[in-house]
$ cat model.txt   # compact mmCIF, C-alpha atoms
# COMPACT_ATOMS: atom_id res chain seq x y z
CA MET A 248 -18.90 9.55 -0.55
CA THR A 249 -21.73 10.26 1.88
CA ILE A 250 -21.20 10.05 5.61
CA ALA A 251 -24.28 10.76 7.68
CA LEU A 252 -23.78 11.68 11.31
CA ASN A 253 -27.44 11.99 12.16
CA GLN A 254 -30.31 10.19 10.51
CA GLY A 255 -33.37 10.79 12.67
CA SER A 256 -32.71 9.09 16.00
CA ASN A 257 -29.61 7.37 14.62
CA THR A 258 -27.13 9.78 16.15
CA LEU A 259 -23.42 9.21 16.59
CA PHE A 260 -24.07 8.34 20.24
CA ASP A 261 -26.70 5.77 19.20
CA ARG A 262 -24.23 4.16 16.82
CA PHE A 263 -21.59 4.04 19.55
CA ALA A 264 -24.02 2.24 21.85
CA LYS A 265 -25.01 -0.23 19.11
CA LEU A 266 -21.46 -1.28 18.26
CA ASN A 267 -20.64 -4.96 18.69
CA TRP A 268 -18.98 -4.66 22.09
CA GLY A 269 -18.44 -8.41 22.27
CA ILE A 270 -15.99 -8.22 19.37
CA ILE A 271 -14.35 -5.08 20.75
CA THR A 272 -13.93 -6.65 24.21
CA ILE A 273 -12.30 -9.78 22.81
CA LEU A 274 -9.95 -7.73 20.63
CA CYS A 275 -8.91 -5.76 23.73
CA ALA A 276 -8.41 -8.98 25.73
CA ILE A 277 -6.18 -10.43 23.02
CA ALA A 278 -4.18 -7.20 22.88
CA PHE A 279 -3.79 -7.32 26.68
CA VAL A 280 -2.24 -10.80 26.34
CA GLY A 281 0.16 -9.29 23.82
CA VAL A 282 1.18 -6.53 26.22
CA LEU A 283 1.78 -9.08 29.00
CA MET A 284 3.94 -11.23 26.77
CA HIS A 285 6.01 -8.31 25.49
CA PHE A 286 6.58 -7.27 29.10
CA SER A 287 7.99 -10.78 29.59
CA VAL A 288 10.03 -10.55 26.37
CA SER A 289 11.50 -7.30 27.74
CA SER A 290 12.46 -9.09 31.00
CA GLY A 291 10.02 -7.10 33.11
CA ALA A 292 10.59 -3.64 31.61
CA TRP A 293 7.71 -1.44 30.44
CA THR A 294 9.85 0.50 27.99
CA ASP A 295 9.93 -0.16 24.25
CA MET A 296 7.87 -3.20 23.19
CA PRO A 297 5.04 -3.53 25.77
CA LEU A 298 4.35 0.20 25.88
CA THR A 299 4.60 0.58 22.10
CA HIS A 300 2.30 -2.41 21.57
CA ALA A 301 -0.32 -0.98 23.96
CA VAL A 302 -0.24 2.53 22.50
CA ARG A 303 -0.34 1.22 18.94
CA PHE A 304 -3.37 -0.96 19.66
CA ALA A 305 -5.22 1.82 21.53
CA ALA A 306 -4.67 4.26 18.65
CA MET A 307 -5.74 1.79 15.97
CA MET A 308 -8.74 0.62 18.00
CA SER A 309 -9.96 4.20 18.41
CA VAL A 310 -9.74 4.72 14.66
CA ILE A 311 -11.63 1.53 13.77
CA ILE A 312 -14.43 2.33 16.25
CA LEU A 313 -14.79 5.80 14.77
CA GLY A 314 -14.63 4.38 11.24
CA ALA A 315 -17.31 1.79 12.01
CA MET A 316 -19.65 4.51 13.27
CA LEU A 317 -19.09 6.90 10.35
CA LEU A 318 -18.76 4.52 7.38
CA ASP A 319 -21.49 2.10 6.38
CA ALA A 320 -21.39 -0.96 4.11
CA ARG A 321 -21.93 1.18 1.00
CA PHE A 322 -18.57 2.88 1.55
CA TRP A 323 -16.68 -0.43 1.71
CA LEU A 324 -18.59 -1.71 -1.31
CA ALA A 325 -17.74 1.43 -3.25
CA ILE A 326 -14.00 1.34 -2.56
CA ALA A 327 -13.59 -2.43 -2.98
CA TYR A 328 -12.34 -2.40 -6.59
CA PRO A 329 -10.32 0.84 -6.30
CA LEU A 330 -8.63 -0.49 -3.15
CA TYR A 331 -7.80 -3.78 -4.87
CA GLY A 332 -6.47 -1.94 -7.93
CA ALA A 333 -4.31 0.35 -5.78
CA ALA A 334 -2.91 -2.60 -3.81
CA LEU A 335 -2.11 -4.48 -7.02
CA LEU A 336 -0.33 -1.45 -8.49
CA LEU A 337 1.67 -1.09 -5.29
CA LEU A 338 2.70 -4.75 -5.53
CA VAL A 339 3.88 -4.11 -9.10
CA GLY A 340 5.73 -1.08 -7.72
CA VAL A 341 7.48 -3.34 -5.21
CA GLU A 342 8.67 -5.50 -8.12
CA LEU A 343 10.05 -2.46 -9.93
CA PHE A 344 11.22 -0.13 -7.17
CA GLY A 345 10.89 -2.07 -3.89
CA ALA A 346 13.39 -1.94 -1.07
CA THR A 347 15.17 -5.17 -0.16
CA ARG A 348 15.52 -6.02 3.51
CA MET A 349 16.53 -9.30 5.14
CA GLY A 350 16.84 -10.89 1.70
CA ALA A 351 13.31 -10.07 0.57
CA GLN A 352 11.93 -7.32 -1.64
CA ARG A 353 8.63 -6.60 0.13
CA TRP A 354 8.64 -2.90 0.97
CA LEU A 355 7.94 0.24 -1.00
CA ASP A 356 9.51 3.43 0.30
CA ILE A 357 7.39 6.51 -0.43
CA GLY A 358 9.10 9.51 1.11
CA PRO A 359 9.33 8.93 4.89
CA LEU A 360 6.79 6.07 4.69
CA SER A 361 7.68 2.42 4.23
CA LEU A 362 4.71 0.37 2.98
CA GLN A 363 4.23 -3.37 2.67
CA PRO A 364 1.51 -3.59 0.00
CA SER A 365 0.99 -7.33 0.50
CA GLU A 366 -0.63 -6.54 3.87
CA LEU A 367 -3.07 -4.15 2.21
CA MET A 368 -3.93 -6.88 -0.29
CA LYS A 369 -5.10 -9.22 2.51
CA VAL A 370 -8.06 -6.89 3.10
CA ALA A 371 -8.44 -5.71 -0.50
CA ILE A 372 -8.88 -9.24 -1.91
CA VAL A 373 -11.71 -9.93 0.56
CA LEU A 374 -13.57 -6.72 -0.33
CA ALA A 375 -13.04 -7.08 -4.10
CA LEU A 376 -14.28 -10.67 -4.27
CA ALA A 377 -17.18 -9.90 -1.93
CA ARG A 378 -18.25 -7.12 -4.28
CA TYR A 379 -17.76 -9.36 -7.34
CA TYR A 380 -20.10 -12.04 -6.00
CA HIS A 381 -22.49 -9.42 -4.62
CA GLN A 382 -23.08 -8.13 -8.14
CA LEU A 383 -22.95 -11.52 -9.89
CA ASP A 384 -26.16 -13.31 -10.85
CA ALA A 385 -26.51 -16.31 -8.51
CA ARG A 386 -27.09 -18.59 -11.51
CA LYS A 387 -23.61 -17.79 -12.84
CA THR A 388 -21.53 -18.39 -9.71
CA GLY A 389 -20.69 -22.00 -10.55
CA THR A 390 -20.00 -21.60 -14.26
CA VAL A 391 -16.42 -21.73 -15.52
CA LEU A 392 -16.70 -18.44 -17.42
CA TRP A 393 -17.51 -16.50 -14.25
CA ILE A 394 -14.97 -18.35 -12.11
CA VAL A 395 -12.10 -17.09 -14.29
CA PRO A 396 -12.28 -13.39 -13.23
CA ALA A 397 -12.29 -14.34 -9.55
CA PHE A 398 -9.41 -16.77 -10.11
CA LEU A 399 -7.36 -14.09 -11.87
CA MET A 400 -8.08 -11.59 -9.09
CA ILE A 401 -6.50 -14.07 -6.66
CA ALA A 402 -3.70 -15.36 -8.88
CA ALA A 403 -2.22 -11.95 -9.74
CA PRO A 404 -1.36 -10.81 -6.19
CA VAL A 405 -0.39 -14.34 -5.10
CA ALA A 406 2.17 -14.56 -7.92
CA LEU A 407 3.57 -11.10 -7.14
CA VAL A 408 3.87 -11.81 -3.40
CA MET A 409 5.44 -15.23 -4.03
CA HIS A 410 8.12 -13.55 -6.12
CA GLN A 411 9.14 -11.16 -3.29
CA PRO A 412 9.47 -13.91 -1.77
CA ASP A 413 6.81 -14.13 0.96
CA LEU A 414 5.25 -17.59 0.98
CA GLY A 415 3.24 -17.05 4.16
CA THR A 416 1.46 -13.91 2.95
CA ALA A 417 0.86 -15.46 -0.48
CA LEU A 418 -0.83 -18.44 1.19
CA MET A 419 -3.00 -16.12 3.28
CA ILE A 420 -4.16 -14.15 0.24
CA LEU A 421 -4.87 -17.43 -1.56
CA PHE A 422 -6.81 -18.87 1.38
CA ALA A 423 -8.90 -15.71 1.88
CA GLY A 424 -9.72 -15.53 -1.82
CA VAL A 425 -10.65 -19.20 -2.14
CA SER A 426 -12.81 -18.91 0.98
CA ILE A 427 -14.84 -16.11 -0.63
CA MET A 428 -15.18 -18.14 -3.84
CA PHE A 429 -16.40 -21.14 -1.86
CA LEU A 430 -18.93 -19.08 0.11
CA GLY A 431 -19.99 -17.34 -3.08
CA GLY A 432 -21.29 -20.63 -4.49
CA LEU A 433 -18.39 -22.58 -5.98
CA LEU A 434 -19.51 -26.01 -7.18
CA TRP A 435 -18.04 -29.12 -5.55
CA ARG A 436 -16.74 -30.51 -8.84
CA VAL A 437 -14.84 -27.27 -9.37
CA ILE A 438 -13.45 -27.51 -5.84
CA ALA A 439 -12.31 -31.09 -6.47
CA ALA A 440 -10.64 -30.09 -9.74
CA GLY A 441 -9.00 -27.15 -8.00
CA ALA A 442 -7.65 -29.41 -5.25
CA ILE A 443 -6.02 -31.66 -7.86
CA VAL A 444 -4.48 -28.65 -9.58
CA ALA A 445 -3.32 -27.31 -6.21
CA VAL A 446 -1.46 -30.54 -5.42
CA GLY A 447 0.27 -30.42 -8.79
CA GLY A 448 1.03 -26.73 -8.30
CA ALA A 449 2.54 -27.40 -4.87
CA ILE A 450 4.86 -30.04 -6.32
CA PHE A 451 5.89 -27.69 -9.13
CA ALA A 452 6.46 -24.84 -6.67
CA TYR A 453 8.63 -27.06 -4.48
CA THR A 454 10.83 -28.16 -7.36
CA SER A 455 11.00 -24.97 -9.43
CA ILE A 456 9.74 -21.86 -7.59
CA LEU A 457 10.66 -21.98 -3.91
CA HIS A 458 13.89 -20.34 -2.83
CA GLU A 459 16.56 -22.50 -1.25
CA TYR A 460 15.81 -21.45 2.33
CA GLN A 461 12.09 -22.12 1.78
CA ARG A 462 12.85 -25.56 0.35
CA ASP A 463 15.10 -26.27 3.36
CA ARG A 464 12.22 -25.48 5.73
CA VAL A 465 9.90 -27.79 3.80
CA ASN A 466 12.53 -30.55 3.86
CA VAL A 467 12.88 -30.23 7.64
CA PHE A 468 9.09 -30.31 8.02
CA LEU A 469 8.80 -33.43 5.85
CA GLY A 470 11.71 -35.12 7.65
CA ILE A 471 13.78 -35.28 4.47
CA THR A 472 16.64 -33.50 6.22
CA ASP A 473 17.55 -32.85 9.85
CA ASP A 474 19.17 -29.47 10.45
CA PRO A 475 18.96 -28.66 14.19
CA LEU A 476 21.43 -25.78 13.93
CA GLY A 477 20.02 -24.33 10.70
CA ALA A 478 16.56 -24.54 9.14
CA GLY A 479 15.26 -26.77 11.94
CA TYR A 480 16.55 -24.68 14.85
CA HIS A 481 13.44 -22.53 15.35
CA VAL A 482 10.98 -25.42 15.54
CA LEU A 483 13.33 -27.55 17.66
CA GLN A 484 13.64 -24.85 20.33
CA SER A 485 9.91 -24.20 20.15
CA LYS A 486 9.12 -27.88 20.73
CA ILE A 487 11.50 -28.00 23.69
CA ALA A 488 9.78 -24.97 25.25
CA ILE A 489 6.24 -26.31 24.68
CA GLY A 490 7.13 -29.87 25.68
CA SER A 491 8.59 -28.77 29.00
CA ALA A 492 5.70 -26.45 29.92
CA GLY A 493 3.26 -28.99 31.36
CA LEU A 494 -0.33 -28.12 32.26
CA PHE A 495 0.28 -24.75 33.94
CA GLY A 496 3.69 -23.74 32.56
CA ARG A 497 6.88 -22.56 34.21
CA GLY A 498 5.35 -19.31 35.44
CA TYR A 499 5.21 -15.73 34.20
CA LEU A 500 8.69 -14.39 33.39
CA GLN A 501 10.13 -17.84 34.19
CA GLY A 502 10.38 -19.51 30.77
CA THR A 503 13.89 -20.90 30.33
CA GLN A 504 13.94 -21.18 26.54
CA SER A 505 12.55 -17.68 26.08
CA GLN A 506 14.23 -15.82 28.95
CA LEU A 507 17.64 -17.32 28.16
CA ASP A 508 17.24 -16.43 24.47
CA PHE A 509 17.28 -19.95 23.11
CA LEU A 510 13.91 -19.29 21.44
CA PRO A 511 14.33 -17.14 18.31
CA GLU A 512 11.76 -14.56 17.16
CA LYS A 513 9.98 -14.90 20.50
CA HIS A 514 8.32 -11.48 20.16
CA THR A 515 6.85 -12.17 16.71
CA ASP A 516 6.47 -15.55 15.00
CA PHE A 517 7.08 -17.69 18.11
CA ILE A 518 5.21 -15.73 20.76
CA PHE A 519 2.62 -18.50 21.13
CA THR A 520 5.47 -20.79 22.19
CA MET A 521 6.33 -18.28 24.90
CA ILE A 522 2.71 -18.17 26.07
CA VAL A 523 2.59 -21.96 26.42
CA GLU A 524 6.00 -22.16 28.09
CA GLU A 525 5.02 -19.65 30.77
CA PHE A 526 1.31 -20.49 31.19
CA GLY A 527 1.20 -24.10 30.04
CA LEU A 528 -1.45 -25.97 28.12
CA VAL A 529 -4.16 -24.09 30.02
CA GLY A 530 -2.78 -20.70 28.98
CA GLY A 531 -2.42 -21.75 25.34
CA PHE A 532 -5.97 -23.13 25.32
CA LEU A 533 -7.39 -19.90 26.78
CA VAL A 534 -5.68 -17.81 24.10
CA LEU A 535 -7.02 -20.09 21.36
CA ALA A 536 -10.47 -19.86 23.00
CA LEU A 537 -10.32 -16.06 22.69
CA PHE A 538 -9.55 -16.34 18.99
CA GLY A 539 -12.27 -18.97 18.60
CA ALA A 540 -14.84 -16.69 20.25
CA LEU A 541 -13.75 -13.83 17.99
CA MET A 542 -14.20 -16.00 14.89
CA ALA A 543 -17.63 -17.13 16.11
CA LEU A 544 -18.82 -13.56 16.69
CA THR A 545 -17.47 -12.54 13.28
CA MET A 546 -19.38 -15.35 11.57
CA GLN A 547 -22.46 -14.27 13.52
CA VAL A 548 -22.08 -10.82 11.95
CA ALA A 549 -21.86 -12.49 8.53
CA LEU A 550 -25.05 -14.46 9.15
CA ARG A 551 -26.97 -11.39 10.34
CA ALA A 552 -25.98 -9.13 7.43
CA ARG A 553 -28.76 -8.73 4.87
CA SER A 554 -26.58 -7.94 1.87
CA LEU A 555 -24.47 -10.62 0.19
CA PHE A 556 -21.53 -8.20 0.23
CA GLY A 557 -21.79 -7.87 4.00
CA LYS A 558 -22.02 -11.63 4.49
CA LEU A 559 -19.02 -12.39 2.29
CA ALA A 560 -16.84 -9.53 3.57
CA ALA A 561 -17.38 -10.47 7.24
CA ALA A 562 -16.86 -14.18 6.51
CA GLY A 563 -13.70 -13.33 4.57
CA ILE A 564 -12.26 -11.44 7.55
CA ALA A 565 -13.09 -14.44 9.76
CA ALA A 566 -11.26 -16.69 7.28
CA THR A 567 -8.24 -14.36 7.32
CA LEU A 568 -8.15 -14.47 11.13
CA ALA A 569 -8.47 -18.26 11.09
CA CYS A 570 -5.59 -18.51 8.63
CA TYR A 571 -3.36 -16.29 10.80
CA VAL A 572 -4.05 -18.31 13.94
CA PHE A 573 -3.87 -21.76 12.34
CA ILE A 574 -0.62 -21.18 10.45
CA ASN A 575 1.12 -19.52 13.40
CA THR A 576 0.14 -22.11 16.02
CA ALA A 577 0.68 -25.06 13.67
CA MET A 578 4.06 -23.64 12.66
CA VAL A 579 5.43 -23.42 16.21
CA ILE A 580 4.62 -27.08 16.94
CA GLY A 581 5.92 -28.37 13.61
CA LEU A 582 2.62 -29.18 11.89
CA VAL A 583 3.42 -26.85 8.97
CA PRO A 584 6.72 -25.41 7.70
CA VAL A 585 7.96 -22.13 9.19
CA VAL A 586 6.64 -19.35 6.94
CA GLY A 587 6.87 -16.24 9.12
CA ILE A 588 3.22 -15.60 10.01
CA PRO A 589 2.72 -13.70 13.32
CA LEU A 590 -0.03 -14.31 15.87
CA PRO A 591 -2.37 -11.36 15.18
CA ILE A 592 -2.65 -8.58 17.79
CA ILE A 593 -0.35 -10.53 20.16
CA SER A 594 2.88 -10.62 18.13
CA TYR A 595 4.91 -7.42 18.08
CA GLY A 596 4.68 -5.25 14.98
CA GLY A 597 2.18 -2.86 13.52
CA THR A 598 1.71 -4.42 10.09
CA ALA A 599 -0.27 -7.54 11.05
CA MET A 600 -2.15 -5.58 13.71
CA PHE A 601 -3.14 -2.93 11.19
CA THR A 602 -4.29 -5.56 8.69
CA LEU A 603 -6.53 -7.39 11.12
CA LEU A 604 -7.93 -4.28 12.82
CA ALA A 605 -8.70 -2.74 9.42
CA GLY A 606 -10.63 -5.90 8.69
CA TYR A 607 -12.53 -5.54 11.95
CA ALA A 608 -13.38 -1.93 11.16
CA ILE A 609 -15.23 -3.41 8.18
CA VAL A 610 -16.85 -6.13 10.31
CA LEU A 611 -18.07 -3.64 12.93
CA SER A 612 -19.38 -1.35 10.21
CA ILE A 613 -21.25 -4.20 8.51
CA ASP A 614 -22.76 -5.28 11.81
CA LEU A 615 -23.83 -1.76 12.73
CA HIS A 616 -25.44 -1.22 9.33
CA ARG A 617 -26.51 -4.83 8.72
CA ASP A 618 -30.04 -3.88 7.60
CA GLN A 619 -28.78 -2.34 4.37
CA HIS A 620 -30.21 -5.08 2.18
CA GLY A 621 -28.58 -5.23 -1.25
CA ALA A 622 -26.54 -2.11 -0.57
CA ARG A 623 -25.17 -0.46 -3.70
CA GLY A 624 -22.11 1.73 -4.00
CA TRP A 625 -21.57 5.20 -5.46
CA LEU A 626 -18.89 4.46 -8.05
CA TRP A 627 -21.17 3.00 -10.76
$ encode --input "model.txt" --output "structure tokens"
Amino acid sequence: MTIALNQGSNTLFDRFAKLNWGIITILCAIAFVGVLMHFSVSSGAWTDMPLTHAVRFAAMMSVIILGAMLLDARFWLAIAYPLYGAALLLLVGVELFGATRMGAQRWLDIGPLSLQPSELMKVAIVLALARYYHQLDARKTGTVLWIVPAFLMIAAPVALVMHQPDLGTALMILFAGVSIMFLGGLLWRVIAAGAIVAVGGAIFAYTSILHEYQRDRVNVFLGITDDPLGAGYHVLQSKIAIGSAGLFGRGYLQGTQSQLDFLPEKHTDFIFTMIVEEFGLVGGFLVLALFGALMALTMQVALRARSLFGKLAAAGIAATLACYVFINTAMVIGLVPVVGIPLPIISYGGTAMFTLLAGYAIVLSIDLHRDQHGARGWLW
């Protein structure tokens, strides 16, 4: 691995000045919203959640800025396959030796560390597929023979994560992978065939693969059953909070459903509900506008990159962000079943924050070194 700190006039200070400060500013603004909401969750106390959230973000943000300055696109290209392989092995390790918590076997305890390899796979699948299509002859991208390796690269981790069980993360890995395949040049007839297979697969999963609690959530979503004190409780309380918020909300620290603890998981999966309850439709729209601006700037990075790897990797991170935001916000208003996906950088917890910020370390690096046309790695 080669890390150059000074290439002519391209000093470390020059790289710092050339960073995409629009993306960094929006990330900081979203994190600030998270700190405000965790202060509200803590009933106006700065201890524990709001302080931890702020310190965690500041530390991770410092690391990704430094990483973007020191590591160029060739580094991410070089580690793409090794990172994917390591994440896949860790997922197999979870199957064999994983720790079970809250009814799910998702963690791997290595000494004092507790890892959730499925989070690492969210970034690894984007890099691995971006490298695959970067090296693939453009004339082969739509042929069935060359679709199979990409399909298997997606199917393996999705199957392992589904078995944990973690439906939300499996869907995110699937969506990110399919997005890269689509942007890599997937033919429309293949997409149509895949959609038909996906519908059949969803029916099979519902009848034969999903766990009972997952099937209950789907039944509540489809209106097959009504369980206001069980599987439907979360969404019911969320709808009450959002429906009573109005245009400007009940006021900061004044949300009845959240402050009186009727709203479950208000610091993680249902924090967007809390935002709308306290700041109304206007507050919810502004938060979504921040995420929309972040996605737009990320896609701008993808369009400016000269290498196909850079374009696909940046677009894949944008797709991952879009999946996070869509599933979380749709979940809390009952448009999709509850699958336990947090609102990135706002919800409490370091795992989702680490995943997304690691992705944005890659995006910032690609943008800073976007003129590396056809960049090649060092591992072949």
$ closest_residue --input "model.txt" --among "A:Ser287, A:Thr454, A:Ser309, A:Gln382" --to "Ile522 of chain A" --atoms "all atoms listed in the file"
A:Ser287
$ closest_residue --input "model.txt" --among "A:Ala605, A:Ala402, A:Met542, A:Leu338" --to "Phe304 of chain A" --atoms "all atoms listed in the file"
A:Ala605
$ closest_residue --input "model.txt" --among "A:Glu524, A:Asp356, A:Glu366, A:Asp618" --to "Lys486 of chain A" --atoms "all atoms listed in the file"
A:Glu524
$ residues_around --input "model.txt" --residues "Ala403 of chain A" --least-positions-apart "2" --cutoff "12 Å" --atoms "only C-alpha atoms" --output "ChimeraX atom specification"
/A:331-332,334-336,338-339,365,368,372,396-401,405-410,417,420-421,424
$ atom_distance --input "model.txt" --atom1 "atom CA of Ser361 of chain A" --atom2 "atom CA of Pro584 of chain A"
28.1 Å
$ closest_residue --input "model.txt" --among "A:Glu525, A:Asp508, A:Glu342, A:Asp463" --to "Ser289 of chain A" --atoms "all atoms listed in the file"
A:Asp508
$ residues_near_point --input "model.txt" --point "(-5.5, -5.2, 20.8)" --cutoff "8 Å" --atoms "only C-alpha atoms" --output "PyMOL selection string"
chain A and resi 274-279+281+301+304-305+308+592-593+600
$ atom_distance --input "model.txt" --atom1 "atom CA of Leu559 of chain A" --atom2 "atom CA of Thr576 of chain A"
25.5 Å
$ closest_residue --input "model.txt" --among "A:Gly345, A:Gly587, A:Gly539, A:Gly441" --to "Ala569 of chain A" --atoms "all atoms listed in the file"
A:Gly539
$ closest_residue --input "model.txt" --among "A:Arg617, A:Arg353, A:Arg551, A:Arg303" --to "Tyr595 of chain A" --atoms "all atoms listed in the file"
A:Arg303
$ atom_distance --input "model.txt" --atom1 "atom CA of Val437 of chain A" --atom2 "atom CA of Ala377 of chain A"
19.0 Å
$ residues_near_point --input "model.txt" --point "(-0.2, -22.5, 24.1)" --cutoff "12 Å" --atoms "only C-alpha atoms" --output "number ranges by chain"
A: 485-486, 488-496, 517-536, 572, 575-577, 579-580, 590
$ write_last_selection --input "model.txt" --atoms "C-alpha atoms" --output "CSV table (one decimal), in the frame of the given file"
chain,number,residue,atom,x,y,z
A,485,SER,CA,9.9,-24.2,20.2
A,486,LYS,CA,9.1,-27.9,20.7
A,488,ALA,CA,9.8,-25.0,25.2
A,489,ILE,CA,6.2,-26.3,24.7
A,490,GLY,CA,7.1,-29.9,25.7
A,491,SER,CA,8.6,-28.8,29.0
A,492,ALA,CA,5.7,-26.4,29.9
A,493,GLY,CA,3.3,-29.0,31.4
A,494,LEU,CA,-0.3,-28.1,32.3
A,495,PHE,CA,0.3,-24.8,33.9
A,496,GLY,CA,3.7,-23.7,32.6
A,517,PHE,CA,7.1,-17.7,18.1
A,518,ILE,CA,5.2,-15.7,20.8
A,519,PHE,CA,2.6,-18.5,21.1
A,520,THR,CA,5.5,-20.8,22.2
A,521,MET,CA,6.3,-18.3,24.9
A,522,ILE,CA,2.7,-18.2,26.1
A,523,VAL,CA,2.6,-22.0,26.4
A,524,GLU,CA,6.0,-22.2,28.1
A,525,GLU,CA,5.0,-19.6,30.8
A,526,PHE,CA,1.3,-20.5,31.2
A,527,GLY,CA,1.2,-24.1,30.0
A,528,LEU,CA,-1.4,-26.0,28.1
A,529,VAL,CA,-4.2,-24.1,30.0
A,530,GLY,CA,-2.8,-20.7,29.0
A,531,GLY,CA,-2.4,-21.8,25.3
A,532,PHE,CA,-6.0,-23.1,25.3
A,533,LEU,CA,-7.4,-19.9,26.8
A,534,VAL,CA,-5.7,-17.8,24.1
A,535,LEU,CA,-7.0,-20.1,21.4
A,536,ALA,CA,-10.5,-19.9,23.0
A,572,VAL,CA,-4.0,-18.3,13.9
A,575,ASN,CA,1.1,-19.5,13.4
A,576,THR,CA,0.1,-22.1,16.0
A,577,ALA,CA,0.7,-25.1,13.7
A,579,VAL,CA,5.4,-23.4,16.2
A,580,ILE,CA,4.6,-27.1,16.9
A,590,LEU,CA,0.0,-14.3,15.9
$ residues_around --input "model.txt" --residues "Thr388 of chain A" --least-positions-apart "6" --cutoff "12 Å" --atoms "only C-alpha atoms" --output "PyMOL selection string"
chain A and resi 376+379-382+394-397+427-434+437
$ write_last_selection --input "model.txt" --atoms "C-alpha atoms" --output "mmCIF file, in the coordinates of the input"
data_model
loop_
_atom_site.group_PDB
_atom_site.id
_atom_site.type_symbol
_atom_site.label_atom_id
_atom_site.label_comp_id
_atom_site.auth_asym_id
_atom_site.auth_seq_id
_atom_site.Cartn_x
_atom_site.Cartn_y
_atom_site.Cartn_z
ATOM 1 C CA LEU A 376 -14.280 -10.670 -4.270
ATOM 2 C CA TYR A 379 -17.760 -9.360 -7.340
ATOM 3 C CA TYR A 380 -20.100 -12.040 -6.000
ATOM 4 C CA HIS A 381 -22.490 -9.420 -4.620
ATOM 5 C CA GLN A 382 -23.080 -8.130 -8.140
ATOM 6 C CA ILE A 394 -14.970 -18.350 -12.110
ATOM 7 C CA VAL A 395 -12.100 -17.090 -14.290
ATOM 8 C CA PRO A 396 -12.280 -13.390 -13.230
ATOM 9 C CA ALA A 397 -12.290 -14.340 -9.550
ATOM 10 C CA ILE A 427 -14.840 -16.110 -0.630
ATOM 11 C CA MET A 428 -15.180 -18.140 -3.840
ATOM 12 C CA PHE A 429 -16.400 -21.140 -1.860
ATOM 13 C CA LEU A 430 -18.930 -19.080 0.110
ATOM 14 C CA GLY A 431 -19.990 -17.340 -3.080
ATOM 15 C CA GLY A 432 -21.290 -20.630 -4.490
ATOM 16 C CA LEU A 433 -18.390 -22.580 -5.980
ATOM 17 C CA LEU A 434 -19.510 -26.010 -7.180
ATOM 18 C CA VAL A 437 -14.840 -27.270 -9.370
#
$ decode --input "model.txt" --residues "segment 541-577 of chain A" --atoms "C-alpha atoms" --output "short mmCIF file (atom, residue, chain, number, x, y, z; two decimals), in the first residue's frame"
data_model
loop_
_atom_site.label_atom_id
_atom_site.label_comp_id
_atom_site.auth_asym_id
_atom_site.auth_seq_id
_atom_site.Cartn_x
_atom_site.Cartn_y
_atom_site.Cartn_z
CA LEU A 541 -26.56 14.51 0.87
CA MET A 542 -27.70 11.96 -1.72
CA ALA A 543 -27.53 14.60 -4.48
CA LEU A 544 -23.98 15.62 -3.55
CA THR A 545 -22.96 11.95 -3.39
CA MET A 546 -24.34 11.31 -6.87
CA GLN A 547 -22.48 14.42 -8.04
CA VAL A 548 -19.27 12.80 -6.79
CA ALA A 549 -20.18 9.66 -8.76
CA LEU A 550 -20.73 11.66 -11.94
CA ARG A 551 -17.44 13.56 -11.59
CA ALA A 552 -15.27 10.49 -10.94
CA ARG A 553 -13.26 9.44 -13.99
CA SER A 554 -12.87 5.77 -13.10
CA LEU A 555 -15.80 3.36 -13.33
CA PHE A 556 -14.86 2.05 -9.88
CA GLY A 557 -15.21 5.54 -8.42
CA LYS A 558 -18.54 6.11 -10.12
CA LEU A 559 -20.03 2.81 -8.97
CA ALA A 560 -18.64 2.96 -5.42
CA ALA A 561 -19.97 6.48 -4.80
CA ALA A 562 -23.34 5.64 -6.37
CA GLY A 563 -23.51 2.48 -4.25
CA ILE A 564 -23.00 4.49 -1.05
CA ALA A 565 -25.76 6.86 -2.19
CA ALA A 566 -28.04 3.85 -2.76
CA THR A 567 -27.21 2.51 0.71
CA LEU A 568 -28.10 5.88 2.26
CA ALA A 569 -31.33 6.03 0.27
CA CYS A 570 -32.26 2.54 1.45
CA TYR A 571 -31.62 3.47 5.11
CA VAL A 572 -33.75 6.60 4.90
CA PHE A 573 -36.58 5.12 2.82
CA ILE A 574 -37.03 1.97 4.91
CA ASN A 575 -36.86 3.82 8.23
CA THR A 576 -39.27 6.63 7.33
CA ALA A 577 -41.65 4.31 5.47
#
